[in-house]
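Q: Supplied in structure tokens, the structure appears directly below.
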Amino acid sequence: MKLVSCKPIQFFWLFLSAVLLCSCGAPTALTTRYAPFHPANNTAVNFTFNTSDNDGIARAELYVYEYELYVNPNNNMRSARQRPGGQWGFMEDWNYSTEPTSANETHSFSDGFPAESFVRFLVRITDGKGRKKSEDWYFAAGDWPYGNSPIPILGKGAPAKTIDVAFVADRTDYSSGRDMLPDLEGLIFDGYHINNAIRNRRQLWSFYYSPQRGFISDYDSGELTLDIPSGVRNSPIIDHAAVIHTTVKRDWASGGNFGTEPTNIGTAVHESGHSTFDLADEYNSGNCRTSSDPYHNVYDSEADAEAYNTSNGWPASDVEEIFSGCWRVEPSSLGCIMVNDGDATMPDFERSCFLRTIWYYIELTN
Amino acid sequence: MKTTIKLNKTIPFLVVLLLLSISAIAQDPKGNINLPETNDPEKMPRDISLYQPVPVIRITFKATKEGYQLVSSEKIMGAPTAAIVKDRPLRITAFDNQNKPIRIVSKANPLEVRTTGTDKAGFASLEEATITVFFEKPEQMGLVKIQLFENNEPVYEETFEVE
């Protein structure tokens, strides 16, 4: 964060904030992943972590918990319970006598999981000063017992407290929903999870895929068809859907759902920026509307945009005209993802957009 | 976060800074919302619900350029539609039996089509679309009002009785 000018009291608050943010010590960086997504019955699963810590890595532990899916007869809820005789708890550990500042390991669980499994895995890192940090996720494995409802491939929180995204395989390119899964690993782990407004809150995003395929037409084809399968469309937990295709199309969005190639990670997150945070386009889209309140990024009034910047401590002169009758509150030179989606690269959410995402997360988790 | 901030006023900035600080500090505890704490591998719960559905009413509308039609309403177990963003163009308000508004859900205009990404912008309209929302406490539901806004001004409004 570069500060151009600052008053003494602001320095005090900045200092106080820095102390608060640093009071827990230098954090251990930790990311985890698994593959393949939605592993088939008894198929080997690789669990991977990547960690770094300036105080050194002393130990890493992998825990895996195998549940069986069932419908609880007492409340008719889809539930998961420990599978008798299944994998439960400690699976592997790595002890580093030299305490390197980074480590990257993969453990292959060759037995995999049987049909109707629900798996949680947890990686815990102990740094050179004995501090611990962990990350855990859940996913479905083996035959899915709940028909065409979206299948969880990576999640952590309860759906009411997370942003739930369903991926739908375009029948143009995929023979089944499962056929799409290898393409989603990069889209999630090397896409959504690297964005600046998501990576530190990635546990608030849950990803699913539809066992049924769908379709999105090419915008330039002259036909506008967006087929979201009923299992997703009628799902009470899915917030928005993305139709995934590998054939290059001019994609479009409607009703919060959109289409994209899986390699266009910036496009996917830009569109989720619309669907989730309701941020507006900061480029010349030819259609202007004042973005959602609070923490705007676009106004249809220059005076309103300037007043917004002033009230938030930003220069009124930062307001830029996008096209006649439409203004962005942050300069395009910041390179916000809502100005340029980056296609296969991942721009950041900048300034006002970033604050909008934080506001949304706070509302979501309150 | 590569952000350039020029500070002109103290109080608004402090509010923003406080928001950022609270968010950063609160991040870890929020991570396990509604799921048992998992930092201790020995305390992993042995029986969990994938999610805890509540009684909701699922209401489906058909949208055309002429307006909106109520297609179906059904009481099921599920989760209410998120209502964090309240000022999207399509706003659906649920009223209780005493005509008191109990929840507002806002959605994108389902007929509006725009190209994705930030190149070659294009806009179009669908002939028709369906939209589904979920409201909790279906036993209290009386009416549902659907409104379409353009430039924050209502351009369409219709009220439906749901059962």
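In the structure tokens, chains take the letters A, B, ... in the order shown, each chain's residues start at 1, and ligands count up from 1 in the order shown.
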Any idea what's packed within 12 Å of range 173-178 of chain A, counting only C-alpha atoms, ignoring anything in its chain fewer than 3 positions away? Could you give it as JSON, numbers by chain?

A: {"A": [36, 37, 38, 39, 40, 141, 142, 143, 144, 148, 149, 150, 151, 153, 166, 167, 168, 169, 170, 181, 182, 183, 184, 208, 209, 210, 211, 212, 213, 214, 215, 216, 229, 243, 244, 245, 246, 247, 248, 249, 261, 262]}

Q: Selection from above, N, CA and C atoms, as a short mmCIF file (atom, residue, chain, number, x, y, z; two decimals), in the first residue's frame, can you write it?

A:
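And here's part.cif as it stands now:
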```cif
data_model
loop_
_atom_site.label_atom_id
_atom_site.label_comp_id
_atom_site.auth_asym_id
_atom_site.auth_seq_id
_atom_site.Cartn_x
_atom_site.Cartn_y
_atom_site.Cartn_z
N PRO A 36 -7.32 -36.51 -8.48
CA PRO A 36 -8.22 -35.77 -9.38
C PRO A 36 -9.47 -35.31 -8.65
N PHE A 37 -10.15 -34.32 -9.25
CA PHE A 37 -11.44 -33.92 -8.70
C PHE A 37 -12.43 -35.06 -8.82
N HIS A 38 -13.30 -35.16 -7.86
CA HIS A 38 -14.31 -36.22 -7.77
C HIS A 38 -13.73 -37.55 -8.24
N PRO A 39 -12.77 -38.06 -7.50
CA PRO A 39 -12.14 -39.32 -7.92
C PRO A 39 -13.16 -40.45 -8.04
N ALA A 40 -12.99 -41.28 -9.05
CA ALA A 40 -13.88 -42.43 -9.24
C ALA A 40 -13.65 -43.45 -8.15
N ALA A 141 -16.25 -38.20 -3.33
CA ALA A 141 -15.46 -39.21 -4.03
C ALA A 141 -16.34 -40.43 -4.30
N GLY A 142 -16.04 -41.11 -5.39
CA GLY A 142 -16.83 -42.29 -5.75
C GLY A 142 -18.20 -41.93 -6.27
N ASP A 143 -18.98 -42.95 -6.61
CA ASP A 143 -20.31 -42.71 -7.17
C ASP A 143 -21.10 -41.76 -6.29
N TRP A 144 -21.74 -40.79 -6.93
CA TRP A 144 -22.51 -39.76 -6.21
C TRP A 144 -23.94 -40.26 -6.05
N ASN A 148 -28.83 -35.79 -9.87
CA ASN A 148 -28.25 -34.73 -10.68
C ASN A 148 -27.94 -33.46 -9.90
N SER A 149 -27.98 -33.55 -8.59
CA SER A 149 -27.64 -32.35 -7.81
C SER A 149 -26.14 -32.08 -7.93
N PRO A 150 -25.74 -30.82 -7.81
CA PRO A 150 -24.33 -30.47 -7.97
C PRO A 150 -23.43 -31.23 -7.00
N ILE A 151 -22.30 -31.67 -7.51
CA ILE A 151 -21.38 -32.50 -6.73
C ILE A 151 -20.24 -31.63 -6.19
N ILE A 153 -16.78 -30.39 -5.28
CA ILE A 153 -15.41 -30.77 -5.62
C ILE A 153 -14.38 -30.05 -4.75
N ALA A 166 -21.22 -23.41 -9.46
CA ALA A 166 -21.34 -24.70 -10.14
C ALA A 166 -20.79 -24.60 -11.55
N PHE A 167 -19.94 -25.55 -11.92
CA PHE A 167 -19.43 -25.62 -13.29
C PHE A 167 -20.23 -26.65 -14.06
N VAL A 168 -20.56 -26.28 -15.28
CA VAL A 168 -21.38 -27.12 -16.15
C VAL A 168 -20.58 -27.41 -17.42
N ALA A 169 -20.43 -28.67 -17.76
CA ALA A 169 -19.68 -29.05 -18.97
C ALA A 169 -20.53 -28.76 -20.21
N ASP A 170 -19.96 -28.03 -21.14
CA ASP A 170 -20.66 -27.74 -22.40
C ASP A 170 -20.67 -29.02 -23.24
N LEU A 181 -13.65 -32.39 -15.54
CA LEU A 181 -13.00 -32.16 -14.24
C LEU A 181 -11.50 -31.82 -14.32
N PRO A 182 -10.72 -32.49 -15.17
CA PRO A 182 -9.29 -32.11 -15.20
C PRO A 182 -9.07 -30.64 -15.55
N ASP A 183 -9.96 -30.07 -16.34
CA ASP A 183 -9.81 -28.66 -16.72
C ASP A 183 -10.16 -27.72 -15.57
N LEU A 184 -10.89 -28.21 -14.59
CA LEU A 184 -11.29 -27.34 -13.48
C LEU A 184 -10.18 -27.16 -12.45
N TYR A 208 -18.59 -26.70 -7.21
CA TYR A 208 -19.34 -27.92 -7.51
C TYR A 208 -19.29 -28.14 -9.02
N TYR A 209 -19.66 -29.34 -9.46
CA TYR A 209 -19.89 -29.52 -10.89
C TYR A 209 -21.19 -30.27 -11.08
N SER A 210 -21.77 -30.05 -12.25
CA SER A 210 -23.04 -30.69 -12.56
C SER A 210 -22.79 -32.02 -13.25
N PRO A 211 -23.44 -33.09 -12.78
CA PRO A 211 -23.30 -34.35 -13.51
C PRO A 211 -23.97 -34.30 -14.89
N GLN A 212 -24.91 -33.38 -15.04
CA GLN A 212 -25.55 -33.18 -16.35
C GLN A 212 -24.78 -32.11 -17.12
N ARG A 213 -24.74 -32.26 -18.41
CA ARG A 213 -24.09 -31.25 -19.23
C ARG A 213 -25.06 -30.12 -19.59
N GLY A 214 -24.50 -29.05 -20.09
CA GLY A 214 -25.31 -27.92 -20.53
C GLY A 214 -24.77 -27.38 -21.84
N PHE A 215 -25.06 -26.14 -22.09
CA PHE A 215 -24.63 -25.56 -23.37
C PHE A 215 -24.70 -24.04 -23.30
N ILE A 216 -23.75 -23.41 -23.96
CA ILE A 216 -23.87 -21.97 -24.22
C ILE A 216 -23.50 -21.74 -25.68
N PRO A 229 -28.41 -26.98 -16.58
CA PRO A 229 -29.22 -28.15 -16.21
C PRO A 229 -30.12 -27.86 -15.01
N VAL A 243 -20.74 -22.20 -17.58
CA VAL A 243 -20.66 -23.27 -18.57
C VAL A 243 -19.24 -23.27 -19.14
N ILE A 244 -18.59 -24.42 -19.05
CA ILE A 244 -17.19 -24.53 -19.43
C ILE A 244 -17.08 -25.22 -20.79
N HIS A 245 -16.34 -24.60 -21.67
CA HIS A 245 -16.14 -25.19 -23.00
C HIS A 245 -14.71 -24.95 -23.44
N THR A 246 -14.21 -25.80 -24.33
CA THR A 246 -12.85 -25.61 -24.84
C THR A 246 -12.86 -25.04 -26.25
N THR A 247 -13.96 -25.25 -26.96
CA THR A 247 -14.09 -24.58 -28.26
C THR A 247 -14.16 -23.07 -28.02
N VAL A 248 -13.35 -22.34 -28.76
CA VAL A 248 -13.35 -20.89 -28.56
C VAL A 248 -14.68 -20.30 -29.04
N LYS A 249 -15.34 -19.59 -28.14
CA LYS A 249 -16.60 -18.93 -28.46
C LYS A 249 -16.54 -17.50 -27.96
N GLU A 261 -14.01 -20.36 -21.40
CA GLU A 261 -13.03 -21.42 -21.54
C GLU A 261 -12.36 -21.61 -20.18
N PRO A 262 -11.97 -22.84 -19.85
CA PRO A 262 -11.39 -23.05 -18.51
C PRO A 262 -10.03 -22.38 -18.34
#
```

Q: Could you pull the residues within 12 Å of Arg103 in chain B, counting only C-alpha atoms, minus those fewer than 4 positions along the same chain, as a PyMOL selection string?

A: chain B and resi 80-86+91-96+99+133-138+140-141+143-145

Q: I want to know what sits within 10 Å of Ala129 in chain B, based on only C-alpha atoms, with residues of the same chain fewer than 2 positions away left out; could you give that as a list in words?

A: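 So, after excluding close chain neighbours, the residues are Leu226, Ser254 and Gly255 of chain A; Phe61, Lys62, Ala63, Thr64, Lys65, Tyr68, Asn109, Pro110, Leu111, Glu112, Ser125, Leu126, Glu127 and Ile131 of chain B.
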
Q: Could those selected residues go to a file with C-alpha atoms, as a short mmCIF file (atom, residue, chain, number, x, y, z; two decimals), in the first residue's frame?

A:
```
data_model
loop_
_atom_site.label_atom_id
_atom_site.label_comp_id
_atom_site.auth_asym_id
_atom_site.auth_seq_id
_atom_site.Cartn_x
_atom_site.Cartn_y
_atom_site.Cartn_z
CA LEU A 226 -27.81 -20.82 -22.32
CA SER A 254 -27.25 -13.66 -18.42
CA GLY A 255 -29.00 -13.86 -15.10
CA PHE B 61 -41.12 -16.78 -12.63
CA LYS B 62 -41.14 -16.63 -16.39
CA ALA B 63 -39.82 -13.36 -17.73
CA THR B 64 -40.69 -11.98 -21.16
CA LYS B 65 -40.57 -8.50 -22.60
CA TYR B 68 -43.38 -11.60 -15.44
CA ASN B 109 -32.30 -8.72 -15.24
CA PRO B 110 -32.82 -12.27 -16.55
CA LEU B 111 -33.57 -11.08 -20.08
CA GLU B 112 -30.41 -9.02 -20.35
CA SER B 125 -32.05 -9.49 -25.04
CA LEU B 126 -33.55 -12.91 -24.60
CA GLU B 127 -37.13 -13.52 -25.67
CA ILE B 131 -35.84 -17.08 -12.62
#
```

Q: Contacts of Pro114 in chain A at 7 Å or less, counting only C-alpha atoms, minus same-chain residues fewer than 3 places along, as an mmCIF file with C-alpha atoms, in the first residue's frame?

A:
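For reference, part-v1.cif as written:
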```cif
data_model
loop_
_atom_site.group_PDB
_atom_site.id
_atom_site.type_symbol
_atom_site.label_atom_id
_atom_site.label_comp_id
_atom_site.auth_asym_id
_atom_site.auth_seq_id
_atom_site.Cartn_x
_atom_site.Cartn_y
_atom_site.Cartn_z
ATOM 1 C CA ASN A 41 -14.427 -45.471 -7.030
ATOM 2 C CA ASN A 42 -11.154 -46.679 -5.499
ATOM 3 C CA SER A 117 -17.710 -41.159 -0.130
ATOM 4 C CA GLY A 142 -16.828 -42.294 -5.749
#
```

Q: Tell me which protein, DNA and RNA residues are within 9 Å of Asn54 in chain A, counting only C-alpha atoms, leaving out same-chain ones fewer than 2 positions away, and put them as a ChimeraX atom specification.

A: /A:26-28,52,56-57,100-102,127-128

Q: My list of candidates is B:Asp119, B:Glu66, B:Glu74, B:Glu158. Which is closest to chain A when distances are computed with only C-alpha atoms?

A: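 Among the listed residues, the smallest separation from chain A belongs to B:Asp119.
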
Q: Could you check which of B:Glu150, B:Asp47, B:Glu161, B:Glu42 is closest to chain A, using only C-alpha atoms?

A: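 The answer is B:Asp47, which sits nearest to chain A.
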
Q: May I have the residues within 9 Å of Phe354 in chain A as a ChimeraX atom specification, using only C-alpha atoms and disregarding those fewer than 4 positions away in the same chain?

A: /A:196-197,295,348-350,358-359 /B:1

Q: Take the residues from that selection and write them out as a PDB file, in the first residue's frame, keeping N, CA and C atoms.

A:
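Once everything was written out, this is part.pdb:
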```pdb
ATOM      1  N   ASN A 196      -6.414 -11.724  -5.926  1.00  0.00           N
ATOM      2  CA  ASN A 196      -6.109 -11.028  -4.669  1.00  0.00           C
ATOM      3  C   ASN A 196      -7.315 -10.894  -3.738  1.00  0.00           C
ATOM      4  N   ALA A 197      -8.524 -10.929  -4.299  1.00  0.00           N
ATOM      5  CA  ALA A 197      -9.705 -10.807  -3.437  1.00  0.00           C
ATOM      6  C   ALA A 197     -10.237 -12.162  -3.017  1.00  0.00           C
ATOM      7  N   TYR A 295     -19.674   0.810  -1.741  1.00  0.00           N
ATOM      8  CA  TYR A 295     -18.388   0.610  -2.425  1.00  0.00           C
ATOM      9  C   TYR A 295     -18.567   0.425  -3.915  1.00  0.00           C
ATOM     10  N   ASP A 348      -5.792  -8.045 -10.535  1.00  0.00           N
ATOM     11  CA  ASP A 348      -6.349  -7.891  -9.190  1.00  0.00           C
ATOM     12  C   ASP A 348      -7.667  -7.106  -9.219  1.00  0.00           C
ATOM     13  N   PHE A 349      -8.443  -7.263  -8.189  1.00  0.00           N
ATOM     14  CA  PHE A 349      -9.481  -6.281  -7.878  1.00  0.00           C
ATOM     15  C   PHE A 349      -8.755  -5.116  -7.213  1.00  0.00           C
ATOM     16  N   GLU A 350      -9.018  -3.917  -7.667  1.00  0.00           N
ATOM     17  CA  GLU A 350      -8.288  -2.763  -7.155  1.00  0.00           C
ATOM     18  C   GLU A 350      -9.176  -1.879  -6.291  1.00  0.00           C
ATOM     19  N   ILE A 358     -14.498  -7.020   0.204  1.00  0.00           N
ATOM     20  CA  ILE A 358     -14.385  -7.181   1.663  1.00  0.00           C
ATOM     21  C   ILE A 358     -15.737  -6.950   2.333  1.00  0.00           C
ATOM     22  N   TRP A 359     -16.425  -5.894   1.883  1.00  0.00           N
ATOM     23  CA  TRP A 359     -17.770  -5.644   2.434  1.00  0.00           C
ATOM     24  C   TRP A 359     -18.650  -6.884   2.232  1.00  0.00           C
TER      25      TRP A 359
ATOM     26  N   MET B   1      -1.913  -6.635  -2.373  1.00  0.00           N
ATOM     27  CA  MET B   1      -2.825  -5.577  -2.777  1.00  0.00           C
ATOM     28  C   MET B   1      -1.987  -4.392  -3.222  1.00  0.00           C
TER      29      MET B   1
END
```

Q: Would you mind writing down, as a PyMOL selection string, each residue of range 146-355 of chain A that DSSP on the backbone assigns to alpha helix (DSSP H)?

A: chain A and resi 177-189+230-233+265-275+302-311+351-355

Q: Considering only C-alpha atoms, can you say which of B:Ala121, B:Ile59, B:Gly67, B:Val105 comes closest to chain A?

A: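 Closest to chain A of all the choices is B:Ala121.
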
Q: Point out the residue among B:Thr132, B:Thr159, B:Asn151, B:Arg88 with the least atom-to-atom distance to Val71 in chain B, counting only C-alpha atoms.

A: B:Thr132

Q: Quick one, how far is CA of Asp293 in chain A from CA of Phe160 in chain B?

A: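 Between these atoms lies a distance of 27.6 Å.
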
Q: Within range 29-151 of chain B, find each residue whose DSSP state, derived from the backbone, is strand (DSSP E or B), and express the selection as a compact mmCIF listing (two decimals) with N, CA and C atoms, in the first residue's frame.

A:
```
# COMPACT_ATOMS: atom_id res chain seq x y z
N ASP B 47 -19.92 -37.35 12.36
CA ASP B 47 -21.21 -37.36 11.66
C ASP B 47 -21.58 -35.89 11.37
N ILE B 48 -21.76 -35.56 10.11
CA ILE B 48 -22.03 -34.17 9.76
C ILE B 48 -23.16 -34.10 8.73
N SER B 49 -23.79 -32.95 8.67
CA SER B 49 -24.77 -32.69 7.62
C SER B 49 -24.07 -31.93 6.51
N VAL B 54 -33.55 -25.68 5.48
CA VAL B 54 -34.69 -25.16 6.26
C VAL B 54 -35.90 -25.14 5.32
N PRO B 55 -37.09 -25.07 5.87
CA PRO B 55 -38.26 -24.95 4.99
C PRO B 55 -38.20 -23.66 4.18
N VAL B 56 -38.35 -23.80 2.89
CA VAL B 56 -38.36 -22.62 2.00
C VAL B 56 -39.48 -22.78 1.00
N ILE B 57 -39.82 -21.69 0.38
CA ILE B 57 -40.74 -21.76 -0.76
C ILE B 57 -39.92 -21.42 -2.01
N ARG B 58 -40.00 -22.31 -2.97
CA ARG B 58 -39.29 -22.09 -4.23
C ARG B 58 -40.27 -21.46 -5.22
N ILE B 59 -39.97 -20.28 -5.67
CA ILE B 59 -40.87 -19.55 -6.57
C ILE B 59 -40.16 -19.35 -7.91
N THR B 60 -40.82 -19.78 -8.95
CA THR B 60 -40.24 -19.64 -10.29
C THR B 60 -41.11 -18.69 -11.12
N PHE B 61 -40.45 -17.73 -11.75
CA PHE B 61 -41.12 -16.78 -12.63
C PHE B 61 -40.64 -16.98 -14.06
N LYS B 62 -41.52 -16.70 -14.98
CA LYS B 62 -41.14 -16.63 -16.39
C LYS B 62 -41.10 -15.16 -16.76
N ALA B 63 -39.98 -14.76 -17.33
CA ALA B 63 -39.82 -13.36 -17.73
C ALA B 63 -39.89 -13.26 -19.25
N THR B 64 -40.68 -12.32 -19.73
CA THR B 64 -40.69 -11.98 -21.16
C THR B 64 -40.66 -10.46 -21.25
N GLY B 67 -43.56 -8.87 -19.48
CA GLY B 67 -43.64 -8.86 -18.02
C GLY B 67 -43.29 -10.21 -17.42
N TYR B 68 -43.73 -10.39 -16.19
CA TYR B 68 -43.38 -11.60 -15.44
C TYR B 68 -44.63 -12.40 -15.11
N GLN B 69 -44.49 -13.71 -15.18
CA GLN B 69 -45.59 -14.61 -14.81
C GLN B 69 -45.09 -15.53 -13.71
N LEU B 70 -45.95 -15.78 -12.74
CA LEU B 70 -45.62 -16.76 -11.72
C LEU B 70 -45.86 -18.15 -12.30
N VAL B 71 -44.82 -18.94 -12.40
CA VAL B 71 -44.92 -20.27 -13.00
C VAL B 71 -45.26 -21.31 -11.95
N SER B 72 -44.58 -21.25 -10.83
CA SER B 72 -44.82 -22.26 -9.79
C SER B 72 -44.32 -21.76 -8.45
N SER B 73 -44.91 -22.30 -7.42
CA SER B 73 -44.39 -22.08 -6.06
C SER B 73 -44.52 -23.41 -5.33
N GLU B 74 -43.49 -23.76 -4.64
CA GLU B 74 -43.44 -25.09 -4.03
C GLU B 74 -42.71 -25.00 -2.70
N LYS B 75 -43.28 -25.61 -1.69
CA LYS B 75 -42.62 -25.64 -0.39
C LYS B 75 -41.70 -26.86 -0.34
N ILE B 76 -40.42 -26.58 -0.12
CA ILE B 76 -39.43 -27.65 -0.07
C ILE B 76 -38.46 -27.37 1.08
N MET B 77 -37.54 -28.29 1.28
CA MET B 77 -36.44 -28.04 2.20
C MET B 77 -35.27 -27.52 1.38
N GLY B 78 -34.66 -26.44 1.82
CA GLY B 78 -33.56 -25.88 1.04
C GLY B 78 -32.91 -24.73 1.77
N LEU B 90 -33.47 -6.50 -10.77
CA LEU B 90 -34.71 -7.24 -10.50
C LEU B 90 -34.82 -7.45 -8.99
N ARG B 91 -35.85 -6.89 -8.40
CA ARG B 91 -36.00 -6.99 -6.94
C ARG B 91 -37.31 -7.70 -6.61
N ILE B 92 -37.17 -8.71 -5.81
CA ILE B 92 -38.32 -9.53 -5.46
C ILE B 92 -38.52 -9.43 -3.95
N THR B 93 -39.66 -8.93 -3.57
CA THR B 93 -39.95 -8.69 -2.15
C THR B 93 -41.02 -9.67 -1.68
N ALA B 94 -40.72 -10.35 -0.60
CA ALA B 94 -41.70 -11.26 0.00
C ALA B 94 -42.42 -10.53 1.13
N PHE B 95 -43.75 -10.68 1.17
CA PHE B 95 -44.57 -10.07 2.22
C PHE B 95 -45.21 -11.17 3.05
N ASP B 96 -45.36 -10.89 4.32
CA ASP B 96 -46.02 -11.87 5.18
C ASP B 96 -47.54 -11.71 5.08
N PRO B 101 -43.26 -6.41 4.49
CA PRO B 101 -42.13 -7.00 3.76
C PRO B 101 -41.19 -7.73 4.70
N ILE B 102 -40.84 -8.94 4.33
CA ILE B 102 -39.98 -9.73 5.22
C ILE B 102 -38.62 -10.03 4.60
N ARG B 103 -38.48 -9.93 3.30
CA ARG B 103 -37.18 -10.17 2.70
C ARG B 103 -37.18 -9.64 1.27
N ILE B 104 -36.04 -9.05 0.88
CA ILE B 104 -35.87 -8.59 -0.49
C ILE B 104 -34.68 -9.32 -1.10
N VAL B 105 -34.92 -9.90 -2.25
CA VAL B 105 -33.86 -10.56 -3.01
C VAL B 105 -33.70 -9.78 -4.31
N SER B 106 -32.46 -9.50 -4.69
CA SER B 106 -32.27 -8.82 -5.97
C SER B 106 -31.43 -9.67 -6.89
N LYS B 107 -31.75 -9.59 -8.17
CA LYS B 107 -31.10 -10.42 -9.19
C LYS B 107 -30.80 -9.56 -10.41
N GLU B 112 -31.55 -9.79 -19.85
CA GLU B 112 -30.41 -9.02 -20.35
C GLU B 112 -29.25 -9.95 -20.67
N VAL B 113 -28.67 -9.77 -21.81
CA VAL B 113 -27.50 -10.54 -22.23
C VAL B 113 -26.37 -9.55 -22.51
N ARG B 114 -25.21 -9.87 -22.01
CA ARG B 114 -24.03 -9.06 -22.36
C ARG B 114 -22.86 -9.99 -22.57
N THR B 115 -21.97 -9.59 -23.42
CA THR B 115 -20.81 -10.45 -23.67
C THR B 115 -19.90 -10.44 -22.46
N PHE B 123 -24.43 -6.33 -26.49
CA PHE B 123 -25.64 -6.47 -25.67
C PHE B 123 -26.77 -7.02 -26.51
N ALA B 124 -27.60 -7.79 -25.88
CA ALA B 124 -28.77 -8.36 -26.56
C ALA B 124 -29.82 -8.65 -25.50
N SER B 125 -30.98 -9.11 -25.96
CA SER B 125 -32.05 -9.49 -25.04
C SER B 125 -32.57 -10.87 -25.41
N GLU B 128 -37.28 -14.85 -23.67
CA GLU B 128 -37.84 -15.23 -22.37
C GLU B 128 -36.77 -15.90 -21.52
N ALA B 129 -37.00 -15.92 -20.24
CA ALA B 129 -36.08 -16.56 -19.31
C ALA B 129 -36.87 -16.94 -18.07
N THR B 130 -36.33 -17.85 -17.30
CA THR B 130 -36.96 -18.18 -16.03
C THR B 130 -36.03 -17.76 -14.90
N ILE B 131 -36.62 -17.46 -13.79
CA ILE B 131 -35.84 -17.08 -12.62
C ILE B 131 -36.46 -17.73 -11.40
N THR B 132 -35.62 -18.28 -10.55
CA THR B 132 -36.08 -19.00 -9.37
C THR B 132 -35.47 -18.39 -8.12
N VAL B 133 -36.29 -18.16 -7.14
CA VAL B 133 -35.80 -17.65 -5.86
C VAL B 133 -36.37 -18.51 -4.73
N PHE B 134 -35.70 -18.48 -3.62
CA PHE B 134 -36.11 -19.27 -2.46
C PHE B 134 -36.27 -18.32 -1.26
N PHE B 135 -37.43 -18.39 -0.63
CA PHE B 135 -37.67 -17.59 0.57
C PHE B 135 -37.93 -18.54 1.74
N GLU B 136 -37.37 -18.19 2.88
CA GLU B 136 -37.61 -19.03 4.05
C GLU B 136 -38.96 -18.66 4.69
N MET B 141 -45.65 -16.62 4.31
CA MET B 141 -45.67 -15.88 3.04
C MET B 141 -47.09 -15.59 2.57
N GLY B 142 -47.30 -14.38 2.09
CA GLY B 142 -48.58 -14.01 1.54
C GLY B 142 -48.45 -13.58 0.08
N LEU B 143 -47.75 -12.47 -0.11
CA LEU B 143 -47.58 -11.92 -1.46
C LEU B 143 -46.10 -11.81 -1.82
N VAL B 144 -45.87 -11.79 -3.12
CA VAL B 144 -44.53 -11.53 -3.63
C VAL B 144 -44.63 -10.43 -4.66
N LYS B 145 -43.82 -9.39 -4.48
CA LYS B 145 -43.80 -8.29 -5.44
C LYS B 145 -42.53 -8.37 -6.26
N ILE B 146 -42.67 -8.27 -7.55
CA ILE B 146 -41.50 -8.29 -8.41
C ILE B 146 -41.39 -6.94 -9.10
N GLN B 147 -40.22 -6.37 -9.04
CA GLN B 147 -40.00 -5.03 -9.62
C GLN B 147 -38.75 -5.06 -10.48
N LEU B 148 -38.82 -4.38 -11.59
CA LEU B 148 -37.64 -4.23 -12.46
C LEU B 148 -37.24 -2.76 -12.46
N PHE B 149 -35.97 -2.54 -12.21
CA PHE B 149 -35.45 -1.17 -12.16
C PHE B 149 -34.50 -0.91 -13.32
N GLU B 150 -34.57 0.29 -13.83
CA GLU B 150 -33.57 0.78 -14.79
C GLU B 150 -33.07 2.12 -14.27
```

Q: With only C-alpha atoms as the basis for distance, which of A:Gln82, A:Thr345, A:Ser352, A:Thr310 is at the shortest distance from Glu330 in chain A?

A: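 Among the listed residues, A:Ser352 lies closest to Glu330 in chain A.
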
Q: Counting only C-alpha atoms, figure out which residue out of A:Ser110, A:Ser317, A:Thr126, A:Thr98 gets nearest to Thr51 in chain A.

A: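 Closest residue, counting only C-alpha atoms: A:Thr126.
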
Q: Which residues are near range 282-286 of chain A? Cut-off 7 Å, only C-alpha atoms, ignore same chain within fewer than 2 positions. Put them as an NGL selection string.

A: (:A and (280 or 288 or 298 or 322-323 or 328 or 338-339)) or (:B and (118 or 121))

Q: Keeping only C-alpha atoms, write the selected residues as an mmCIF file, in the first residue's frame.

A:
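Saved to result_12.cif:
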```cif
data_model
loop_
_atom_site.group_PDB
_atom_site.id
_atom_site.type_symbol
_atom_site.label_atom_id
_atom_site.label_comp_id
_atom_site.auth_asym_id
_atom_site.auth_seq_id
_atom_site.Cartn_x
_atom_site.Cartn_y
_atom_site.Cartn_z
ATOM 1 C CA ALA A 280 -19.958 -3.016 -12.813
ATOM 2 C CA CYS A 288 -23.766 2.190 -18.091
ATOM 3 C CA VAL A 298 -18.992 2.946 -11.643
ATOM 4 C CA ILE A 322 -15.418 5.551 -19.539
ATOM 5 C CA PHE A 323 -17.734 6.743 -22.263
ATOM 6 C CA ARG A 328 -15.237 4.869 -13.156
ATOM 7 C CA MET A 338 -13.204 -4.960 -13.940
ATOM 8 C CA VAL A 339 -11.338 -2.779 -16.474
ATOM 9 C CA THR B 118 -13.694 -6.871 -21.470
ATOM 10 C CA ALA B 121 -18.748 -5.431 -25.772
#
```
